[in-house]
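The structure appears below as structure tokens.
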Amino acid sequence: MTGADGRRPIVVGVDPDPSKRPALAWAADEAGRRGLPLRLVHAQGMPTGGYRSGEPRASWEEWNRALHGLGDQVLKEAVAFVESRQPTVEVSTLLAEGEPAWVLREEARTASLVVVGSRHLSRRREMFSATSVALPLTAHAPCPVAVVPEPEHVAQKPPCFVVGVDGSEHSAAAVDLAFEEAALHGALLRALYVWHPPLLGVLDEDSAVLECRRVLSETVAGRAAQYPDVELHHEVVRGHPVQILTGASEHALGLVVGARGHGGFTGMMLGSVSQGVLHHAHCPVITVPV
């Protein structure tokens, strides 16, 4: 829901377990930095382990009423958490019925960013779990999606953001957001073009790497001029994109990638590189659509 002043809120999915706050904390801080309202969304599909119900309910109506009461309490506690952490952020709430991924995707239509938590499920559990949110949301949301790992990630100093570059429209959009994030955090930015040689090799590897460097330089050049205060490090790295970007994420504030791509990230559809870093990155991952 866009605010009366036209500002698109940051939307965050609220977990029923009050001990799982990294995504909520990250979203609150991001809203504070950007001067945007924060919308807390709790979606009630099937009950999850975060709920603690008493005796079995005598009827569906009573059970449903109790579930809504628990949902209201979840949001009330989340609002109190945000107000204590970022007291100047404007907060709204939504208690919705439906699967969380679907509800958040609908909210993403009018959001500037959607934030969810990740418990680093295995690929099989992520694929078949009814509570799985990050992958379907990232695949279909029309706005950037930030997936924040649990437990909370601790970055090294100096603070750093990492962005994957491959020359595609999606990676160009990712570079735009990465520069913005680095500027907001007072962080340096590492722009990485990961060159993954084809299985059969190339006739002239030096020429292939030079072309990667050209694409990387052209992609970051104009944006670096827009953000003169952001210290930029850019390099071409040989290897597998998921492994290289996951390694680079270990001490980063965040990793930004495009939803899809080409070139250095050959076949970078969600489910390959994007899915890989969502499963394995150590820091928050922001996936950017075009």
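The chains in the structure tokens are called A, B, ... from first to last as shown; in each chain the residues are counted from 1, and the ligands are counted from 1 in the order shown.
Look at segment 251-253 of chain A: the protein and nucleic acid residues within 7 Å of it, using only C-alpha atoms and passing over chain neighbours fewer than 6 places away, are Ala155, Gln156, Pro159, Cys160, Phe161, Val162 and Cys283 of chain A.
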Export, as a PDB file, in the first residue's frame, the selected residues with C-alpha atoms.
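Below is the file out27.pdb, written as the result:
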ATOM      1  CA  ALA A 155      30.228  -7.919   8.906  1.00  0.00           C
ATOM      2  CA  GLN A 156      33.884  -6.999   9.102  1.00  0.00           C
ATOM      3  CA  PRO A 159      31.956  -2.136   5.757  1.00  0.00           C
ATOM      4  CA  CYS A 160      31.488  -3.475   2.254  1.00  0.00           C
ATOM      5  CA  PHE A 161      28.738  -4.355  -0.224  1.00  0.00           C
ATOM      6  CA  VAL A 162      29.272  -6.857  -3.033  1.00  0.00           C
ATOM      7  CA  CYS A 283      25.025 -11.984   4.505  1.00  0.00           C
TER       8      CYS A 283
END
- Task: Determine, counting only C-alpha atoms, which protein, DNA and RNA residues have an atom within 9 Å of an atom of segment 26-31 of chain A; residues of the same chain fewer than 5 positions away are not included. Present the result as a VMD selection string.
- Result: chain A and resid 9 to 12 21 36 to 38 82 to 83 85 to 86 89 to 90 114 to 116 146 148 184 284
Could you please take those selected residues and save C-alpha atoms as a compact mmCIF listing (two decimals), in the first residue's frame?
# COMPACT_ATOMS: atom_id res chain seq x y z
CA PRO A 9 6.99 1.39 1.90
CA ILE A 10 9.49 -1.27 2.79
CA VAL A 11 7.48 -4.43 3.44
CA VAL A 12 8.75 -7.05 5.86
CA ARG A 21 14.17 -10.80 14.53
CA LEU A 36 10.50 5.31 4.16
CA PRO A 37 7.48 3.89 5.97
CA LEU A 38 7.67 0.26 7.12
CA VAL A 82 10.52 -1.49 15.58
CA GLU A 83 9.50 1.53 17.67
CA ARG A 85 14.85 0.35 17.46
CA GLN A 86 13.80 3.07 14.98
CA VAL A 89 9.97 5.22 11.29
CA GLU A 90 6.29 5.29 10.33
CA VAL A 114 10.35 -6.62 0.46
CA VAL A 115 12.35 -8.18 3.30
CA VAL A 116 12.10 -11.77 4.55
CA ALA A 146 16.13 -8.80 0.57
CA VAL A 148 18.21 -11.81 5.62
CA LEU A 184 23.53 4.82 2.52
CA PRO A 284 21.71 -10.47 3.39
- Message: At a cut-off of 10 Å, using only C-alpha atoms, what residues contact Arg8 of chain A? Leave out same-chain residues fewer than 6 positions from it and give the result as a ChimeraX atom specification.
- Response: /A:1-2,36-39,108-113
- Task: Write out as a PyMOL selection string the residues lying within 9 Å of Gly247 of chain A, counting only C-alpha atoms and excluding same-chain residues fewer than 5 positions away.
- Result: chain A and resi 242+281-282
- Message: Give me the residues near Tyr227 of chain A as a PyMOL selection string, where near means some atom within 10 Å (using only C-alpha atoms) and where sequence neighbours in that chain fewer than 2 positions away do not count.
- Response: chain A and resi 179-180+182-183+222-225+229-232
- Message: I'd like the interatomic distance between atom CA of Asp72 of chain A and atom CA of Leu95 of chain A, to a tenth of an Å.
- Response: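 Atom CA of Asp72 of chain A sits 7.1 Å away from atom CA of Leu95 of chain A.
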- Message: According to DSSP computed on the backbone, where in segment 51-185 of chain A is there strand (DSSP E)? Give the residues as an NGL selection string.
- Response: :A and (91-97 or 113-118 or 145-149 or 160-164)
- Message: I need the residues in segment 205-242 of chain A that are helix (DSSP H, G or I) according to DSSP; give them as a list in words.
- Response: Glu205, Asp206, Ser207, Ala208, Val209, Leu210, Glu211, Cys212, Arg213, Arg214, Val215, Leu216, Ser217, Glu218, Thr219, Val220, Ala221, Gly222, Arg223, Ala224, Ala225, Gln226, Pro241 and Val242 of chain A
- Find, counting only C-alpha atoms, the residue in A:Gly258, A:Gly186, A:Gly35, A:Pro16 that gets nearest to Ala172 of chain A.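 Checking each candidate against Ala172 of chain A, we get A:Gly258 as the closest.
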- Query: Between A:Thr138, A:Ser272, A:Asn64, A:Ser92, which one has atoms that come closest to Ile286 of chain A, using only C-alpha atoms?
  - Reply: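 Nearest candidate to Ile286 of chain A out of A:Thr138, A:Ser272, A:Asn64, A:Ser92: A:Thr138.
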- Please identify all polymer residues within 9 Å of Gly239 of chain A, counting only C-alpha atoms, omitting same-chain residues fewer than 3 positions from it, and present them as a list in words. Val194, Trp195, His196, Pro197, Val242, Gln243 and Ile244 of chain A
Pull N, CA and C atoms from the residues just selected and write them as an mmCIF file, in the first residue's frame.
data_model
loop_
_atom_site.group_PDB
_atom_site.id
_atom_site.type_symbol
_atom_site.label_atom_id
_atom_site.label_comp_id
_atom_site.auth_asym_id
_atom_site.auth_seq_id
_atom_site.Cartn_x
_atom_site.Cartn_y
_atom_site.Cartn_z
ATOM 1 N N VAL A 194 32.269 -12.507 -12.473
ATOM 2 C CA VAL A 194 32.785 -13.862 -12.311
ATOM 3 C C VAL A 194 32.770 -14.558 -13.661
ATOM 4 N N TRP A 195 33.959 -14.843 -14.182
ATOM 5 C CA TRP A 195 34.059 -15.520 -15.471
ATOM 6 C C TRP A 195 34.177 -17.011 -15.245
ATOM 7 N N HIS A 196 33.164 -17.733 -15.755
ATOM 8 C CA HIS A 196 33.131 -19.187 -15.612
ATOM 9 C C HIS A 196 33.417 -19.794 -16.974
ATOM 10 N N PRO A 197 34.635 -20.293 -17.220
ATOM 11 C CA PRO A 197 34.974 -20.826 -18.544
ATOM 12 C C PRO A 197 34.043 -21.961 -18.938
ATOM 13 N N VAL A 242 28.490 -18.951 -7.999
ATOM 14 C CA VAL A 242 27.941 -19.171 -6.658
ATOM 15 C C VAL A 242 29.058 -19.257 -5.630
ATOM 16 N N GLN A 243 30.113 -19.984 -5.935
ATOM 17 C CA GLN A 243 31.215 -20.127 -4.987
ATOM 18 C C GLN A 243 31.923 -18.805 -4.743
ATOM 19 N N ILE A 244 32.191 -18.052 -5.813
ATOM 20 C CA ILE A 244 32.905 -16.785 -5.667
ATOM 21 C C ILE A 244 32.064 -15.770 -4.903
#
- Go through A:Glu218, A:Glu150, A:Glu205, A:Glu250 one by one, measure the shortest atom-to-atom distance of each to Lys20 of chain A using only C-alpha atoms, and give the residue with the smallest value.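 Nearest candidate to Lys20 of chain A out of A:Glu218, A:Glu150, A:Glu205, A:Glu250: A:Glu150.
Atom CA of Ala248 of chain A is positioned 9.2 Å from atom CA of Leu192 of chain A.
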